[in-house]
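*Asks:* Input structure: run.cif, which contains mmCIF, C-alpha atoms and all ligand atoms.
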```cif
data_work
#
loop_
_atom_site.label_atom_id
_atom_site.label_comp_id
_atom_site.auth_asym_id
_atom_site.auth_seq_id
_atom_site.Cartn_x
_atom_site.Cartn_y
_atom_site.Cartn_z
CA MET A 189 15.84 -19.18 26.07
CA ARG A 190 12.60 -21.05 25.22
CA PRO A 191 11.18 -19.95 21.87
CA ASN A 192 7.80 -18.18 22.06
CA PHE A 193 5.04 -17.93 19.40
CA PHE A 194 6.92 -15.26 17.39
CA HIS A 195 10.09 -17.33 17.24
CA HIS A 196 8.09 -20.24 15.81
CA LEU A 197 7.02 -18.10 12.84
CA HIS A 198 10.61 -18.42 11.56
CA PRO A 199 12.86 -21.39 10.78
CA PRO A 200 15.49 -22.17 13.51
CA SER A 201 18.17 -20.36 11.49
CA ILE A 202 18.43 -18.49 8.16
CA PRO A 203 21.34 -17.32 5.97
CA ALA A 204 22.55 -13.95 7.35
CA ARG A 205 22.25 -12.42 3.87
CA GLN A 206 18.47 -12.91 3.93
CA SER A 207 18.02 -10.51 6.82
CA ARG A 208 20.41 -7.67 5.94
CA TRP A 209 18.69 -4.26 6.19
CA ARG A 210 20.66 -2.96 3.24
CA TYR A 211 19.22 -5.78 1.14
CA THR A 212 15.55 -6.06 2.24
CA LEU A 213 15.22 -2.51 3.70
CA GLY A 214 12.86 -4.23 6.17
CA ALA A 215 10.02 -2.97 3.97
CA GLY A 216 7.90 -6.15 3.84
CA GLY A 217 8.02 -6.59 7.63
CA THR A 218 7.23 -2.90 8.16
CA ALA A 219 4.20 -3.25 5.87
CA VAL A 220 2.92 -6.18 7.97
CA PHE A 221 3.35 -4.12 11.14
CA LEU A 222 1.52 -1.12 9.60
CA VAL A 223 -1.39 -3.39 8.61
CA LEU A 224 -1.64 -4.48 12.28
CA VAL A 225 -1.56 -0.84 13.48
CA LEU A 226 -4.30 0.01 10.96
CA ILE A 227 -6.53 -2.83 12.16
CA VAL A 228 -6.20 -1.87 15.85
CA THR A 229 -6.62 1.92 15.35
CA GLY A 230 -9.41 1.42 12.77
CA ALA A 231 -11.31 -0.88 15.16
CA LEU A 232 -11.08 1.82 17.87
CA GLU A 233 -12.41 4.47 15.46
CA MET A 234 -15.42 2.24 14.68
CA PHE A 235 -16.78 2.86 18.19
CA TYR A 236 -17.43 6.52 17.30
CA TYR A 237 -17.57 6.85 13.49
CA ILE A 238 -21.11 7.13 12.05
CA PRO A 239 -21.40 6.17 8.33
CA THR A 240 -24.27 8.50 7.30
CA PRO A 241 -23.92 11.65 5.16
CA GLY A 242 -25.40 13.85 7.93
CA GLU A 243 -23.16 12.52 10.72
CA ALA A 244 -19.90 11.25 9.16
CA ALA A 245 -17.88 14.50 9.12
CA LEU A 246 -19.24 15.47 12.53
CA SER A 247 -18.31 12.08 14.02
CA VAL A 248 -14.77 12.45 12.62
CA GLN A 249 -14.57 15.84 14.40
CA THR A 250 -15.89 14.22 17.59
CA ILE A 251 -13.15 11.57 17.35
CA SER A 252 -10.52 14.26 16.71
CA PHE A 253 -11.47 16.72 19.45
CA LEU A 254 -13.79 15.18 22.05
CA VAL A 255 -12.98 11.48 22.47
CA PRO A 256 -10.07 10.93 24.94
CA PHE A 257 -6.98 10.11 22.81
CA GLY A 258 -9.30 10.05 19.77
CA GLY A 259 -7.15 12.57 17.90
CA VAL A 260 -3.99 10.50 18.39
CA VAL A 261 -5.76 7.28 17.38
CA ARG A 262 -7.17 8.92 14.22
CA ASN A 263 -3.79 10.48 13.36
CA LEU A 264 -2.05 7.11 13.90
CA HIS A 265 -4.59 5.47 11.56
CA PHE A 266 -4.10 8.19 8.94
CA TRP A 267 -0.29 8.16 9.04
CA ALA A 268 -0.05 4.35 9.11
CA ALA A 269 -2.22 4.30 5.95
CA GLN A 270 -0.02 6.85 4.14
CA LEU A 271 3.16 5.08 5.24
CA LEU A 272 1.76 1.71 4.11
CA LEU A 273 1.53 3.00 0.54
CA VAL A 274 5.07 4.43 0.62
CA VAL A 275 6.56 1.33 2.27
CA THR A 276 4.74 -1.06 -0.10
CA ALA A 277 6.00 0.93 -3.10
CA VAL A 278 9.56 0.79 -1.68
CA HIS A 279 9.15 -2.97 -1.12
CA LEU A 280 7.96 -3.44 -4.73
CA ALA A 281 10.95 -1.43 -5.98
CA ARG A 282 13.30 -3.56 -3.85
CA ILE A 283 11.80 -6.75 -5.30
CA VAL A 284 12.29 -5.55 -8.90
CA PHE A 285 15.66 -3.79 -8.40
CA THR A 286 17.10 -6.94 -6.76
CA GLY A 287 15.36 -9.39 -9.13
CA ALA A 288 13.72 -11.19 -6.17
CA TYR A 289 10.61 -11.99 -8.26
CA ALA A 290 12.38 -14.71 -10.29
CA PRO A 291 10.87 -18.24 -10.14
CA PRO A 292 9.86 -19.77 -7.74
CA ARG A 293 8.74 -16.35 -6.42
CA ARG A 294 6.71 -15.24 -9.45
CA PHE A 295 3.38 -16.16 -7.92
CA ASN A 296 4.24 -14.39 -4.67
CA TYR A 297 5.09 -11.30 -6.71
CA LEU A 298 1.52 -11.34 -8.05
CA LEU A 299 0.12 -11.80 -4.51
CA GLY A 300 2.22 -8.79 -3.48
CA LEU A 301 0.93 -6.73 -6.40
CA ALA A 302 -2.65 -7.62 -5.40
CA LEU A 303 -1.81 -6.39 -1.89
CA PHE A 304 -0.52 -3.12 -3.34
CA VAL A 305 -3.79 -2.57 -5.22
CA LEU A 306 -5.81 -3.46 -2.09
CA ALA A 307 -3.75 -1.00 -0.02
CA ILE A 308 -4.55 1.78 -2.55
CA LEU A 309 -8.27 0.89 -2.52
CA LEU A 310 -8.28 0.81 1.31
CA ASP A 311 -6.63 4.23 1.37
CA PHE A 312 -9.17 5.65 -1.12
CA THR A 313 -12.24 4.19 0.61
CA GLY A 314 -10.93 5.41 3.99
CA TYR A 315 -10.34 8.88 2.57
CA VAL A 316 -13.94 9.07 1.32
CA LEU A 317 -15.29 8.11 4.78
CA ARG A 318 -14.47 11.66 5.97
CA TRP A 319 -17.39 12.76 3.75
CA ASP A 320 -16.23 16.39 3.93
CA GLN A 321 -15.55 19.04 1.30
CA GLY A 322 -11.89 17.98 1.10
CA VAL A 323 -12.85 14.60 -0.40
CA GLN A 324 -15.85 15.71 -2.47
CA TRP A 325 -14.06 16.31 -5.77
CA ALA A 326 -12.20 12.98 -5.66
CA LEU A 327 -15.40 11.14 -4.73
CA VAL A 328 -17.41 12.61 -7.61
CA ALA A 329 -14.61 12.49 -10.22
CA GLY A 330 -13.38 9.05 -9.11
CA THR A 331 -16.79 7.39 -9.22
CA ASN A 332 -17.66 9.14 -12.52
CA LEU A 333 -14.62 7.44 -14.09
CA ILE A 334 -16.36 4.09 -13.54
CA LYS A 335 -19.25 5.28 -15.75
CA THR A 336 -16.85 5.76 -18.70
CA ILE A 337 -16.07 2.02 -18.96
CA PRO A 338 -17.76 0.88 -22.19
CA GLY A 339 -20.65 -1.57 -21.79
CA ILE A 340 -20.54 -2.21 -18.05
CA GLY A 341 -19.77 1.32 -16.77
CA ASN A 342 -23.28 2.32 -15.73
CA SER A 343 -24.13 -0.93 -13.92
CA LEU A 344 -20.73 -0.92 -12.20
CA TYR A 345 -21.37 2.68 -11.09
CA GLY A 346 -24.77 1.66 -9.71
CA ALA A 347 -23.27 -1.29 -7.82
CA LEU A 348 -20.53 0.89 -6.34
CA THR A 349 -22.51 4.00 -5.39
CA GLY A 350 -26.01 2.58 -4.96
CA GLY A 351 -27.65 5.50 -6.81
CA ALA A 352 -27.50 8.08 -9.58
CA GLN A 353 -24.95 10.16 -7.64
CA PRO A 354 -22.85 9.66 -4.48
CA GLY A 355 -25.07 9.70 -1.36
CA GLY A 356 -25.99 7.72 1.76
CA ALA A 357 -25.94 4.36 -0.05
CA THR A 358 -22.44 5.15 -1.38
CA LEU A 359 -21.09 5.98 2.06
CA ILE A 360 -22.39 2.78 3.67
CA ARG A 361 -20.99 0.72 0.75
CA PHE A 362 -17.57 2.36 0.97
CA TYR A 363 -17.66 1.81 4.74
CA ALA A 364 -18.50 -1.89 4.33
CA TRP A 365 -15.73 -2.33 1.74
CA HIS A 366 -13.25 -0.44 3.95
CA VAL A 367 -13.83 -2.16 7.30
CA PHE A 368 -14.91 -5.56 5.99
CA GLY A 369 -14.35 -6.58 2.35
CA LEU A 370 -10.96 -4.99 1.67
CA THR A 371 -9.62 -5.50 5.20
CA ILE A 372 -10.42 -9.23 5.21
CA ALA A 373 -8.86 -9.58 1.74
CA VAL A 374 -5.66 -7.86 2.98
CA VAL A 375 -5.45 -10.04 6.10
CA VAL A 376 -5.89 -13.23 4.06
CA LEU A 377 -3.39 -12.13 1.38
CA VAL A 378 -0.76 -10.99 3.93
CA GLY A 379 -0.95 -14.44 5.53
CA TRP A 380 -0.71 -16.17 2.15
CA HIS A 381 2.13 -13.87 1.03
CA ALA A 382 4.14 -14.56 4.22
CA PHE A 383 3.46 -18.31 3.94
CA ARG A 384 4.74 -18.22 0.32
CA VAL A 385 7.94 -16.44 1.40
CA ARG A 386 8.68 -19.47 3.68
CA ARG A 387 7.47 -21.97 1.07
CA ASP A 388 9.69 -20.43 -1.66
CA GLY A 389 12.80 -20.88 0.50
CA GLY A 390 12.87 -17.54 2.34
CA ILE A 391 14.16 -14.26 0.94
CA ALA A 392 15.89 -14.64 -2.46
CA VAL A 393 19.64 -15.30 -2.17
CA PRO A 394 21.93 -17.45 -4.37
CA PRO A 395 21.88 -21.23 -3.64
CA PRO A 396 24.55 -22.36 -1.07
CA ALA A 397 26.99 -23.50 -3.79
CA LEU A 398 27.04 -20.04 -5.39
CA ARG A 399 27.13 -18.02 -2.14
CA GLU A 400 30.31 -16.18 -1.16
CA ASP A 401 29.54 -16.57 2.57
CA ASN A 402 27.49 -19.17 4.42
CA GLU A 403 27.05 -17.25 7.68
CA ARG A 404 23.70 -17.91 9.40
CA ILE A 405 21.68 -16.15 12.11
CA THR A 406 19.27 -17.76 14.59
CA ARG A 407 15.53 -17.09 14.80
CA PHE A 408 16.20 -15.31 18.13
CA GLU A 409 18.42 -12.77 16.36
CA LEU A 410 15.85 -12.38 13.58
CA VAL A 411 13.01 -11.68 16.05
CA ARG A 412 15.32 -9.24 17.93
CA ARG A 413 15.83 -7.31 14.68
CA GLU A 414 12.11 -7.36 13.89
CA VAL A 415 11.23 -6.01 17.35
CA LEU A 416 13.84 -3.26 16.92
CA ALA A 417 12.32 -2.31 13.55
CA MET A 418 8.80 -2.26 15.05
CA LEU A 419 9.98 0.05 17.84
CA LEU A 420 11.59 2.43 15.34
CA VAL A 421 8.49 2.48 13.11
CA SER A 422 6.25 3.00 16.18
CA ALA A 423 8.40 5.95 17.28
CA ALA A 424 8.16 7.52 13.79
CA LEU A 425 4.38 6.96 13.71
CA ILE A 426 3.82 8.45 17.17
CA LEU A 427 5.94 11.48 16.25
CA LEU A 428 3.92 12.02 13.07
CA ALA A 429 0.59 11.50 14.88
CA VAL A 430 1.47 13.98 17.63
CA CYS A 431 2.95 16.67 15.35
CA LEU A 432 0.82 16.47 12.19
CA SER A 433 -2.96 16.08 12.29
CA ALA A 434 -4.95 14.19 9.66
CA PRO A 435 -6.94 16.55 7.40
CA LEU A 436 -10.43 17.80 8.31
CA ALA A 437 -12.88 20.03 6.42
CA PRO A 438 -16.51 21.16 6.74
CA ALA A 439 -19.15 18.51 5.95
CA ILE A 440 -20.37 18.13 2.34
CA GLN A 441 -23.48 20.35 1.91
CA ASN A 442 -24.37 19.81 -1.73
CA MET A 443 -22.87 17.01 -3.83
CA ASN A 444 -23.22 19.13 -7.02
CA ALA A 445 -21.49 22.23 -5.61
CA SER A 446 -18.37 23.07 -7.63
CA SER A 447 -16.73 25.20 -4.91
CA ALA A 448 -15.33 22.09 -3.25
CA GLU A 449 -11.56 21.66 -3.21
CA ALA A 450 -10.64 20.16 -6.62
CA GLY A 451 -8.00 17.63 -5.74
CA ALA A 452 -7.37 13.90 -5.65
CA PRO A 453 -5.56 12.30 -2.68
CA TRP A 454 -1.76 12.45 -3.16
CA PHE A 455 -1.51 8.86 -4.45
CA PHE A 456 -3.94 9.63 -7.32
CA LEU A 457 -2.51 13.05 -8.26
CA TRP A 458 -0.71 11.45 -11.24
CA VAL A 459 -4.09 10.26 -12.58
CA GLN A 460 -5.67 13.66 -11.90
CA GLN A 461 -2.87 15.26 -13.98
CA MET A 462 -3.42 12.82 -16.89
CA LEU A 463 -7.18 13.55 -16.87
CA LYS A 464 -6.30 17.05 -18.14
CA TRP A 465 -5.13 15.45 -21.41
CA GLY A 466 -8.64 14.49 -22.54
CA ASP A 467 -10.63 11.26 -22.70
CA PRO A 468 -11.34 10.25 -19.04
CA PHE A 469 -11.67 6.56 -19.93
CA VAL A 470 -8.26 6.46 -21.65
CA TRP A 471 -6.32 8.53 -19.08
CA GLY A 472 -8.28 7.73 -15.93
CA VAL A 473 -8.98 4.02 -16.38
CA LEU A 474 -7.08 2.45 -19.29
CA VAL A 475 -3.61 3.89 -18.65
CA PRO A 476 -3.60 3.07 -14.88
CA LEU A 477 -4.77 -0.49 -15.73
CA LEU A 478 -2.05 -0.76 -18.37
CA VAL A 479 0.59 0.29 -15.83
CA LEU A 480 -0.71 -2.45 -13.51
CA ALA A 481 -0.62 -5.00 -16.35
CA VAL A 482 3.00 -4.06 -17.21
CA LEU A 483 3.99 -4.49 -13.53
CA ALA A 484 2.25 -7.89 -13.39
CA LEU A 485 4.00 -9.07 -16.56
CA ILE A 486 7.54 -8.12 -15.46
CA PRO A 487 8.42 -11.62 -14.14
CA TYR A 488 6.75 -13.33 -17.11
CA VAL A 489 7.98 -11.49 -20.21
CA LEU A 490 11.22 -9.68 -19.35
CA PRO A 491 14.67 -11.34 -18.98
CA LEU A 492 14.98 -12.90 -15.50
CA PRO A 493 17.91 -12.39 -13.11
CA VAL A 494 20.43 -15.26 -12.98
CA GLU A 495 20.70 -17.22 -9.70
CA SER A 496 24.26 -16.13 -8.95
CA GLU A 497 23.18 -12.46 -9.01
CA LEU A 498 20.33 -12.86 -6.50
CA GLY A 499 20.58 -11.12 -3.14
CA ARG A 500 22.17 -7.94 -4.49
CA TRP A 501 20.93 -4.63 -5.83
CA PHE A 502 20.76 -3.84 -9.55
CA PRO A 503 21.95 -7.17 -11.04
CA LYS A 504 22.94 -6.92 -14.71
CA SER A 505 20.77 -9.85 -15.79
CA ASN A 506 17.36 -8.18 -15.22
CA ARG A 507 18.38 -4.66 -16.27
CA LEU A 508 15.39 -4.28 -18.61
CA ALA A 509 12.90 -4.86 -15.75
CA GLN A 510 14.74 -2.24 -13.68
CA ILE A 511 14.52 0.26 -16.56
CA VAL A 512 10.79 -0.41 -17.03
CA LEU A 513 10.02 0.08 -13.31
CA GLY A 514 12.33 3.11 -13.16
CA MET A 515 10.47 4.74 -16.06
CA ILE A 516 7.05 4.05 -14.52
CA ALA A 517 8.17 5.42 -11.15
CA LEU A 518 9.71 8.54 -12.74
CA SER A 519 6.56 9.23 -14.81
CA VAL A 520 4.30 8.89 -11.75
CA LEU A 521 6.61 11.20 -9.79
CA ILE A 522 6.77 13.87 -12.52
CA LEU A 523 2.97 13.80 -13.03
CA THR A 524 2.45 14.10 -9.26
CA LEU A 525 4.81 17.10 -9.11
CA LEU A 526 3.04 18.75 -12.07
CA ALA A 527 -0.35 18.27 -10.34
CA LEU A 528 1.04 19.76 -7.13
CA LEU A 529 2.54 22.73 -9.04
CA SER A 530 -0.69 23.49 -10.86
CA SER A 531 -2.70 23.33 -7.61
CA THR A 532 -0.31 25.82 -5.89
CA ASN A 533 -0.53 28.13 -8.94
CA ALA A 534 -4.34 27.95 -8.81
CA ASN A 535 -4.41 28.99 -5.11
C1 LIG A 601 0.71 -4.91 2.09
C2 LIG A 601 1.64 -5.22 1.22
C3 LIG A 601 2.78 -6.22 1.44
C4 LIG A 601 3.18 -6.87 2.58
C5 LIG A 601 2.57 -6.77 3.98
C6 LIG A 601 4.33 -7.68 2.23
C7 LIG A 601 5.07 -8.46 3.12
C8 LIG A 601 6.24 -9.14 2.79
C9 LIG A 601 7.18 -9.70 3.72
C10 LIG A 601 7.06 -9.66 5.25
C11 LIG A 601 8.19 -10.28 3.01
C12 LIG A 601 9.48 -10.94 3.55
C13 LIG A 601 10.48 -9.86 4.00
C14 LIG A 601 10.89 -8.76 3.05
O1 LIG A 601 11.21 -8.96 1.86
O2 LIG A 601 10.95 -7.60 3.51
C15 LIG A 601 7.86 -10.15 1.62
C16 LIG A 601 8.59 -10.67 0.57
C17 LIG A 601 8.22 -10.59 -0.76
N1 LIG A 601 7.27 -9.74 -1.29
FE1 LIG A 601 5.95 -8.66 -0.21
N2 LIG A 601 4.57 -7.57 0.88
C18 LIG A 601 3.66 -6.66 0.35
C19 LIG A 601 3.59 -6.23 -0.95
C20 LIG A 601 4.36 -6.74 -1.99
C21 LIG A 601 4.41 -6.20 -3.34
C22 LIG A 601 3.67 -4.95 -3.80
C23 LIG A 601 5.22 -7.04 -4.07
C24 LIG A 601 5.58 -6.95 -5.52
C25 LIG A 601 4.74 -6.69 -6.48
C26 LIG A 601 5.70 -8.08 -3.19
C27 LIG A 601 6.50 -9.15 -3.54
C28 LIG A 601 7.24 -9.90 -2.66
C29 LIG A 601 8.20 -10.94 -3.02
C30 LIG A 601 8.49 -11.44 -4.45
C31 LIG A 601 8.80 -11.37 -1.83
C32 LIG A 601 9.93 -12.39 -1.69
C33 LIG A 601 11.19 -11.54 -1.64
C34 LIG A 601 12.48 -12.29 -1.67
O3 LIG A 601 12.47 -13.50 -1.75
O4 LIG A 601 13.54 -11.61 -1.66
N3 LIG A 601 5.19 -7.85 -1.92
N4 LIG A 601 6.68 -9.42 1.52
#
```
Rewrite the structure of this file - the entire thing - as structure tokens.
Ligand code: HEM
*Replies:*
Amino acid sequence: MRPNFFHHLHPPSIPARQSRWRYTLGAGGTAVFLVLVLIVTGALEMFYYIPTPGEAALSVQTISFLVPFGGVVRNLHFWAAQLLLVVTAVHLARIVFTGAYAPPRRFNYLLGLALFVLAILLDFTGYVLRWDQGVQWALVAGTNLIKTIPGIGNSLYGALTGGAQPGGATLIRFYAWHVFGLTIAVVVLVGWHAFRVRRDGGIAVPPPALREDNERITRFELVRREVLAMLLVSAALILLAVCLSAPLAPAIQNMNASSAEAGAPWFFLWVQQMLKWGDPFVWGVLVPLLVLAVLALIPYVLPLPVESELGRWFPKSNRLAQIVLGMIALSVLILTLLALLSSTNAN
């Protein structure tokens, strides 16, 4: 068979261990595919979405109920965005729990972390674009957190929202960031991240001398596996999009009304829970930034995995990094569950 464009993205052959599902979980590749789905479905939504406070929620309803296949396209966009966060978090966990961030892959770990942050920001800005009562609390509380940053808070708030409170200028700014600024940054970083994977010698496995097996697979087999994974992910996405609709609520009437649903999107529930403990700057800004700093420092300050232990789960040599990530993940999970419990009690 003559190789096509997709075959040329890979080297002619790679060690079989680099492409085992049980090692990589296929999470990085799935994330790339979800980014592509998001770009295509998001571009289609742009034909109908209107980024003004008076029309935004109505245009989302038009997409959902009146535009042919609009509901499916919107649901695909919504579910691909939620899955991207889950899959990226799983990918990050795989990288730390297998020690794949060790040099020469330290820099690529940071590129990946930047992608994770961008994916969260894309999800949040996209969520706000609904401009309905379901997003009102998170919009007001989230942007107010910016004001609490000492010194630069107020000017940062002004730059982000374009006024003294969220309004038309905020919506158009969030829209521009969502469809332009953040999306371009993700596309550039995904390309750079994938290029670095190749440049750093492919997926982390022990050097040939320390490998137990030297079996290799061809690029044809690799592309076959990737296509299979894409088909499975597409099937899951279509099933979700057909069975479970993305949320909708009545348009925002009054930005100061307190009757709006008081809840952050699921990926910020852990922050919402911490905000109950007091100082919004400490719990809403400083602690999340500290968590990010700890994640970024993992490959630089904690003991690194040894070469012979690469390519397998939970190596002994980087146990401390695994414990640190495990504790962060457990804390975020417990805080999220507490937030969910208190919102069901309140209803
Ligand atoms: C949108 C987000 C992301 C995309 C699209 C993405 C994509 C990929 C792909 C396709 C691979 C190669 C295959 C694989 O390991 O599954 C990879 C590897 C890698 N990624 Fe990511 N990634 C993302 C986020 C992250 C994050 C959050 C981290 C860690 C903080 C990270 C760190 C790495 C590292 C270190 C490698 C090399 C792995 C190895 O050699 O075993 N990536 N990424």
*Asks:* For a quick check of understanding, using all atoms listed in the file, which of A:Ile391, A:Ala509, A:Val260, A:Leu483 has the smallest distance to ligand LIG 601 (chain A)?
*Replies:*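 Residue with the minimum atom-to-atom distance to ligand LIG 601 (chain A): A:Ile391.
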*Asks:* Could you check which of A:Thr229, A:Thr336, A:Gln321, A:Gln249 is closest to A:Pro468, using only C-alpha atoms?
*Replies:* A:Thr336
*Asks:* Which polymer residues have any atom within 12 Å of an atom of A:Val284, counting all atoms listed in the file, with same-chain residues fewer than 2 positions away left out, as number ranges by chain?
*Replies:* A: 212, 277-282, 286-290, 293-294, 297, 300-301, 392, 483-487, 490-493, 498-503, 505-514, 517
*Asks:* Identify, on the basis of all atoms listed in the file, every residue whose closest approach to A:Gly259 does not exceed 9 Å; exclude the query and any residue fewer than 6 positions from it along the same chain; express the result as a list in words.
*Replies:*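 Answer for this query is Gln249, Thr250, Ile251, Ser252, Phe253, Ala429, Val430, Ser433 and Ala434 of chain A.
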*Asks:* Looking at only C-alpha atoms and all ligand atoms, which of A:Met234, A:Leu348, A:Leu327, A:Ala382 is the one that sits closest to ligand LIG 601 (chain A)?
*Replies:*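 Answer, going by the shortest atom-to-atom distance: A:Ala382.
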*Asks:* Rank nothing, just name the residue among A:Asp320, A:Phe408, A:Leu518, A:Glu495 nearest to A:Pro396, using only C-alpha atoms.
*Replies:*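 Of A:Asp320, A:Phe408, A:Leu518, A:Glu495, the one nearest A:Pro396 is A:Glu495, counting only C-alpha atoms.
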*Asks:* Would you mind telling me which residue in A:Leu273, A:Leu427, A:Ala352, A:Val520 lies nearest to ligand LIG 601 (chain A) when using only C-alpha atoms and all ligand atoms?
*Replies:* A:Leu273
*Asks:* Show me, as number ranges by chain, the residues that have an atom within 9 Å of A:Leu525 when counting all atoms listed in the file, minus same-chain residues fewer than 5 positions from it.
*Replies:* A: 457-458, 520, 530
*Asks:* With C-alpha atoms retained, export the selected residues as an mmCIF file, in the frame of the given file.
*Replies:*
```
data_model
loop_
_atom_site.group_PDB
_atom_site.id
_atom_site.type_symbol
_atom_site.label_atom_id
_atom_site.label_comp_id
_atom_site.auth_asym_id
_atom_site.auth_seq_id
_atom_site.Cartn_x
_atom_site.Cartn_y
_atom_site.Cartn_z
ATOM 1 C CA LEU A 457 -2.510 13.050 -8.260
ATOM 2 C CA TRP A 458 -0.710 11.450 -11.240
ATOM 3 C CA VAL A 520 4.300 8.890 -11.750
ATOM 4 C CA SER A 530 -0.690 23.490 -10.860
#
```
*Asks:* Which polymer residues, whether protein, DNA or RNA, lie within 12 Å of the coordinate (4.4, -18.7, 1.9) when you count only C-alpha atoms? List them as a PyMOL selection string, using the chain letters and numbers from the file.
*Replies:* chain A and resi 197-198+292-293+295-297+299-300+376-391
*Asks:* Please determine the residues with any atom at most 9 Å from (-5.7, 0.6, 2.6) (coordinates as given in the file, with only C-alpha atoms counting) and report them as an mmCIF file with C-alpha atoms, in the coordinates of the input.
*Replies:*
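Result saved to selection.cif:
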```cif
data_model
loop_
_atom_site.group_PDB
_atom_site.id
_atom_site.type_symbol
_atom_site.label_atom_id
_atom_site.label_comp_id
_atom_site.auth_asym_id
_atom_site.auth_seq_id
_atom_site.Cartn_x
_atom_site.Cartn_y
_atom_site.Cartn_z
ATOM 1 C CA VAL A 223 -1.390 -3.390 8.610
ATOM 2 C CA LEU A 226 -4.300 0.010 10.960
ATOM 3 C CA ALA A 269 -2.220 4.300 5.950
ATOM 4 C CA GLN A 270 -0.020 6.850 4.140
ATOM 5 C CA LEU A 272 1.760 1.710 4.110
ATOM 6 C CA LEU A 273 1.530 3.000 0.540
ATOM 7 C CA PHE A 304 -0.520 -3.120 -3.340
ATOM 8 C CA VAL A 305 -3.790 -2.570 -5.220
ATOM 9 C CA LEU A 306 -5.810 -3.460 -2.090
ATOM 10 C CA ALA A 307 -3.750 -1.000 -0.020
ATOM 11 C CA ILE A 308 -4.550 1.780 -2.550
ATOM 12 C CA LEU A 309 -8.270 0.890 -2.520
ATOM 13 C CA LEU A 310 -8.280 0.810 1.310
ATOM 14 C CA ASP A 311 -6.630 4.230 1.370
ATOM 15 C CA PHE A 312 -9.170 5.650 -1.120
ATOM 16 C CA THR A 313 -12.240 4.190 0.610
ATOM 17 C CA GLY A 314 -10.930 5.410 3.990
ATOM 18 C CA HIS A 366 -13.250 -0.440 3.950
ATOM 19 C CA LEU A 370 -10.960 -4.990 1.670
ATOM 20 C CA THR A 371 -9.620 -5.500 5.200
ATOM 21 C CA VAL A 374 -5.660 -7.860 2.980
#
```
*Asks:* Restricting the calculation to all atoms listed in the file: of A:Pro354, A:Pro453, A:Gly369, A:Gly214, which residue gets closest to ligand LIG 601 (chain A)?
*Replies:* A:Gly214
*Asks:* Find the distance between atom CA of A:Leu317 and atom CA of A:Val421 and write it in Å to one decimal.
*Replies:*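 Separation between atom CA of A:Leu317 and atom CA of A:Val421: 25.8 Å.
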*Asks:* Build an axis-aligned box that encloses every atom of ligand LIG 601 (chain A) listed in the file, pad it by 6 Å on each side, and report its centre and edge lengths in Å to one decimal, as JSON.
*Replies:*
```
{"center_x": 7.1, "center_y": -9.2, "center_z": -0.6, "size_x": 24.8, "size_y": 20.6, "size_z": 23.7}
```
*Asks:* Just the residues within 12 Å of A:Pro338, please, counting only C-alpha atoms, with nothing from its chain fewer than 6 positions along; format it as a PyMOL selection string.
*Replies:* chain A and resi 344-345+468-470+473-474
*Asks:* What gap, in Å, lies between atom CA of A:Val475 and atom C17 of ligand LIG 601 (chain A)?
*Replies:*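 Interatomic distance, atom CA of A:Val475 to atom C17 of ligand LIG 601 (chain A): 25.9 Å.
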*Asks:* Report as a list in words all protein, DNA and RNA residues lying within 9 Å of A:Met443, evaluated on all atoms listed in the file, omitting residues in the same chain fewer than 6 positions from it.
*Replies:*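 Within the cut-off, the hits are Gln324, Val328, Gln353, Pro354 and Gly355 of chain A.
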*Asks:* To one decimal in Å, tell me the separation between atom C16 of ligand LIG 601 (chain A) and atom CA of A:Leu222.
*Replies:*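 So the answer is 14.9 Å.
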